[in-house]
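A short write-up of the structure that comes next.
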Amino acid sequence: EAGVAQSPRYKIIEKRQSVAFWCNPISGHATLYWYQQILGQGPKLLIQFQNNGVVDDSQLPKDRFSAERLKGVDSTLKIQPAKLEDSAVYLCASSLVYRGGAEAFFGQGTRLTVV
Amino acid sequence: GNSVTQMEGPVTLSEEAFLTINCTYTATGYPSLFWYVQYPGEGLQLLLKATKADDKGSNKGFEATYRKETTSFHLEKGSVQVSDSAVYFCALSDQGTGNQFYFGTGTSLTVIP
């Protein structure tokens with residue numbers, strides 16, 4: 001079974017530039033998550049989709065971050081404009097079912113460096 | 001609200017030593033509990049999980065028991081190997097909050113030969 005695919009693996013941009021990350025979840029997984037992992041910290045949820053609807057985006061900085069999930073499959077996360085504090089690893093995860101106890105499968109992440 | 005607190009690292013052990021990484025949680029509902037592991041340069045992988053009180057999750061020699069009375073889910077392994085060197089994350093998911101995952105800060109483990 002193919003895992004969660006993310007691209008790019010690494011990205012370096014200057015502050016105030018824009019950047020986009022792409023995620024392809026495991027086939028058939030209805031729930032998709034984007035997490036931000038700052039160095040030395042645990043992952044923090046940015047946004048959660050169920051199919052192509054948003055379940056929770058309460059921690060997404062909406063003035064600069066946006067995300068969409070096309071046709072309930074692939075998803076993109078965009079930052080515009082980027083700030084230095086956005087330097088982090090952005091993790092995408094997916095889950096088969098929308099219920100407690102279901103495992104989340106993670107991609108390898110995109111490491112963003114803002115200079 | 002929901003939160004996870006886990007033992008600060010880094011932890012350095014000699015091969016074949018006993019490992020314990022403490023994890024406690026706060027939850028508004030009835031959470032499921034997880035341990036994820038992150039090897040260098042890789043994404044998070046599920047190590048084990050438990051979905052109700054007194055359940056024991058186990059995998060690759062690691063174990064953790066869901067203790068509702070102490071709100072804990074401590075990770076243990078009787079004899080660590082060099083290949084266990086990684087960062088370990090305790091997490092919970094709560095169906096009451098849409099199966100969102102809440103993670104601890106992670107504990108870095110280094111096993112030396």
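Lettering and numbering for the structure tokens are positional, with chains as A, B, ... in the shown order, residues counted from 1 in each chain, and ligands counted from 1 in the shown order.
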
When you get a sec, could you note down which chain B residues fall within 12 Å of chain A, using only C-alpha atoms, as a PDB file with C-alpha atoms, in the first residue's frame?
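selection-v4.pdb, freshly written:
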ATOM      1  CA  SER B   3      -3.315  17.923  26.010  1.00  0.00           C
ATOM      2  CA  VAL B   4      -0.385  15.548  26.373  1.00  0.00           C
ATOM      3  CA  THR B   5       2.650  15.966  28.614  1.00  0.00           C
ATOM      4  CA  GLN B   6       5.629  13.731  28.140  1.00  0.00           C
ATOM      5  CA  GLU B   8      11.639  15.780  28.731  1.00  0.00           C
ATOM      6  CA  GLY B   9      14.659  14.504  26.881  1.00  0.00           C
ATOM      7  CA  PRO B  10      17.087  13.788  25.569  1.00  0.00           C
ATOM      8  CA  GLY B  29     -13.876  12.822  26.648  1.00  0.00           C
ATOM      9  CA  TYR B  30     -12.703   9.233  26.223  1.00  0.00           C
ATOM     10  CA  PRO B  31      -9.535   9.405  24.184  1.00  0.00           C
ATOM     11  CA  SER B  32      -7.550   6.826  22.323  1.00  0.00           C
ATOM     12  CA  LEU B  33      -3.826   6.907  23.109  1.00  0.00           C
ATOM     13  CA  PHE B  34      -0.882   6.424  20.791  1.00  0.00           C
ATOM     14  CA  TRP B  35       2.888   6.312  20.670  1.00  0.00           C
ATOM     15  CA  TYR B  36       4.450   7.459  17.413  1.00  0.00           C
ATOM     16  CA  VAL B  37       8.147   7.180  16.533  1.00  0.00           C
ATOM     17  CA  GLN B  38      10.135   9.418  14.222  1.00  0.00           C
ATOM     18  CA  TYR B  39      13.435   8.115  12.883  1.00  0.00           C
ATOM     19  CA  PRO B  40      15.936  10.656  11.512  1.00  0.00           C
ATOM     20  CA  GLY B  41      14.769  12.128   8.225  1.00  0.00           C
ATOM     21  CA  GLU B  42      11.476  10.240   8.244  1.00  0.00           C
ATOM     22  CA  GLY B  43       7.860  10.918   9.040  1.00  0.00           C
ATOM     23  CA  LEU B  44       5.978   9.774  12.117  1.00  0.00           C
ATOM     24  CA  GLN B  45       5.145   6.078  12.293  1.00  0.00           C
ATOM     25  CA  LEU B  46       2.650   4.478  14.618  1.00  0.00           C
ATOM     26  CA  LEU B  47       4.427   2.371  17.229  1.00  0.00           C
ATOM     27  CA  LEU B  48       1.440   1.223  19.289  1.00  0.00           C
ATOM     28  CA  LYS B  49      -1.975   2.302  20.473  1.00  0.00           C
ATOM     29  CA  ALA B  50      -4.686   1.617  23.046  1.00  0.00           C
ATOM     30  CA  THR B  51      -8.306   2.609  22.678  1.00  0.00           C
ATOM     31  CA  LYS B  52      -9.781   2.051  26.134  1.00  0.00           C
ATOM     32  CA  VAL B  87      12.197  10.637  18.756  1.00  0.00           C
ATOM     33  CA  TYR B  88       9.104   9.245  20.480  1.00  0.00           C
ATOM     34  CA  PHE B  89       5.797  11.135  20.596  1.00  0.00           C
ATOM     35  CA  CYS B  90       2.869  10.395  22.853  1.00  0.00           C
ATOM     36  CA  ALA B  91      -0.480  11.404  21.384  1.00  0.00           C
ATOM     37  CA  LEU B  92      -4.198  11.215  21.967  1.00  0.00           C
ATOM     38  CA  SER B  93      -7.180  11.437  19.708  1.00  0.00           C
ATOM     39  CA  ASP B  94     -10.604  12.350  20.929  1.00  0.00           C
ATOM     40  CA  GLN B  95     -13.667  11.491  18.910  1.00  0.00           C
ATOM     41  CA  GLY B  96     -15.444  14.317  20.674  1.00  0.00           C
ATOM     42  CA  THR B  97     -13.162  16.782  18.905  1.00  0.00           C
ATOM     43  CA  GLY B  98     -13.410  15.140  15.502  1.00  0.00           C
ATOM     44  CA  ASN B  99     -10.609  12.620  15.991  1.00  0.00           C
ATOM     45  CA  GLN B 100      -8.034  15.398  16.088  1.00  0.00           C
ATOM     46  CA  PHE B 101      -4.604  14.243  17.289  1.00  0.00           C
ATOM     47  CA  TYR B 102      -2.847  16.055  20.134  1.00  0.00           C
ATOM     48  CA  PHE B 103       0.878  15.416  20.504  1.00  0.00           C
ATOM     49  CA  GLY B 104       3.409  15.760  23.274  1.00  0.00           C
ATOM     50  CA  THR B 105       6.674  17.561  22.646  1.00  0.00           C
ATOM     51  CA  GLY B 106       8.596  14.384  21.902  1.00  0.00           C
ATOM     52  CA  THR B 107      11.419  12.587  23.697  1.00  0.00           C
ATOM     53  CA  SER B 108      14.691  11.987  21.895  1.00  0.00           C
TER      54      SER B 108
END

Find the residues around Ile26 in chain A up to 7 Å (only C-alpha atoms counted), leave out those fewer than 4 positions away in its own chain, and share them as a list in words. Ala2, Gly3, Val4 and Ser94 of chain A

Next, write the just-selected residues to a file, as a compact mmCIF listing (two decimals), in the first residue's frame, keeping N, CA, C and O atoms as the atom set.
# COMPACT_ATOMS: atom_id res chain seq x y z
N ALA A 2 0.61 2.15 -0.93
CA ALA A 2 1.39 3.38 -0.99
C ALA A 2 1.05 4.24 0.22
O ALA A 2 -0.09 4.27 0.70
N GLY A 3 2.07 4.97 0.70
CA GLY A 3 1.87 5.82 1.86
C GLY A 3 1.41 7.20 1.46
O GLY A 3 1.07 7.47 0.31
N VAL A 4 1.42 8.11 2.44
CA VAL A 4 1.09 9.51 2.19
C VAL A 4 2.27 10.16 1.47
O VAL A 4 3.39 10.08 1.96
N SER A 94 -3.18 11.21 6.94
CA SER A 94 -4.53 10.82 6.56
C SER A 94 -4.99 9.66 7.42
O SER A 94 -4.18 8.92 8.00

Residue neighbourhood Pro113 in chain B, 9 Å, only C-alpha atoms, exclusion window fewer than 5 positions, as a ChimeraX atom specification: /B:13-16,81-82

Within 7 Å of Leu19 in chain B using only C-alpha atoms, minus same-chain residues under 2 positions, as a list in words: Ala17, Ile21, Glu76, Lys77, Gly78 and Val80 of chain B

Please write the residues from the selection above to a file, keeping N, CA, C and O atoms, as a PDB file, in the first residue's frame.
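So part.pdb came out as:
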ATOM      1  N   ALA B  17      19.678  -1.720  27.991  1.00  0.00           N
ATOM      2  CA  ALA B  17      19.100  -1.087  29.178  1.00  0.00           C
ATOM      3  C   ALA B  17      17.581  -1.061  29.082  1.00  0.00           C
ATOM      4  O   ALA B  17      17.000  -1.227  28.004  1.00  0.00           O
ATOM      5  N   ILE B  21       9.558   5.951  29.109  1.00  0.00           N
ATOM      6  CA  ILE B  21       9.275   7.340  28.752  1.00  0.00           C
ATOM      7  C   ILE B  21       7.875   7.643  29.284  1.00  0.00           C
ATOM      8  O   ILE B  21       6.898   7.008  28.879  1.00  0.00           O
ATOM      9  N   GLU B  76       7.403   1.613  27.594  1.00  0.00           N
ATOM     10  CA  GLU B  76       8.466   0.814  28.190  1.00  0.00           C
ATOM     11  C   GLU B  76       9.024  -0.181  27.182  1.00  0.00           C
ATOM     12  O   GLU B  76       8.307  -0.658  26.299  1.00  0.00           O
ATOM     13  N   LYS B  77      10.315  -0.486  27.366  1.00  0.00           N
ATOM     14  CA  LYS B  77      10.942  -1.582  26.620  1.00  0.00           C
ATOM     15  C   LYS B  77      12.014  -2.177  27.507  1.00  0.00           C
ATOM     16  O   LYS B  77      12.806  -1.450  28.116  1.00  0.00           O
ATOM     17  N   GLY B  78      12.044  -3.478  27.555  1.00  0.00           N
ATOM     18  CA  GLY B  78      12.929  -4.161  28.491  1.00  0.00           C
ATOM     19  C   GLY B  78      14.402  -4.105  28.129  1.00  0.00           C
ATOM     20  O   GLY B  78      15.270  -4.089  29.004  1.00  0.00           O
ATOM     21  N   VAL B  80      16.729  -2.113  25.149  1.00  0.00           N
ATOM     22  CA  VAL B  80      16.774  -1.279  23.945  1.00  0.00           C
ATOM     23  C   VAL B  80      17.973  -1.647  23.066  1.00  0.00           C
ATOM     24  O   VAL B  80      18.984  -2.160  23.545  1.00  0.00           O
TER      25      VAL B  80
END

Just give me the gap between CA of His29 in chain A and CA of Tyr66 in chain B in Å, one decimal is fine. 26.7 Å

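The space separating CA of Thr26 in chain B from CA of Ala88 in chain A comes to 26.1 Å.
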
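When DSSP is run on the backbone, the residues of chain A that fall into helix (DSSP H, G or I) are A:Leu70, A:Lys71, A:Gly72, A:Leu84, A:Glu85, A:Asp86.
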
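With only C-alpha atoms as the atoms that count, the residue of A:Thr113, A:Gln80, A:Ser18, A:Asn24 with the shortest distance to Arg64 in chain A is A:Gln80.
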
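Interatomic distance, CA of Leu60 in chain A to CA of Ile79 in chain A: 10.6 Å.
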
Go through range 17-113 of chain A and collect every residue that DSSP, computed from the backbone, puts in strand (DSSP E or B); the answer should be as a VMD selection string. chain A and resid 19 to 24 31 to 37 44 to 50 53 to 56 65 to 69 75 to 79 88 to 95 105 to 106 110 to 113
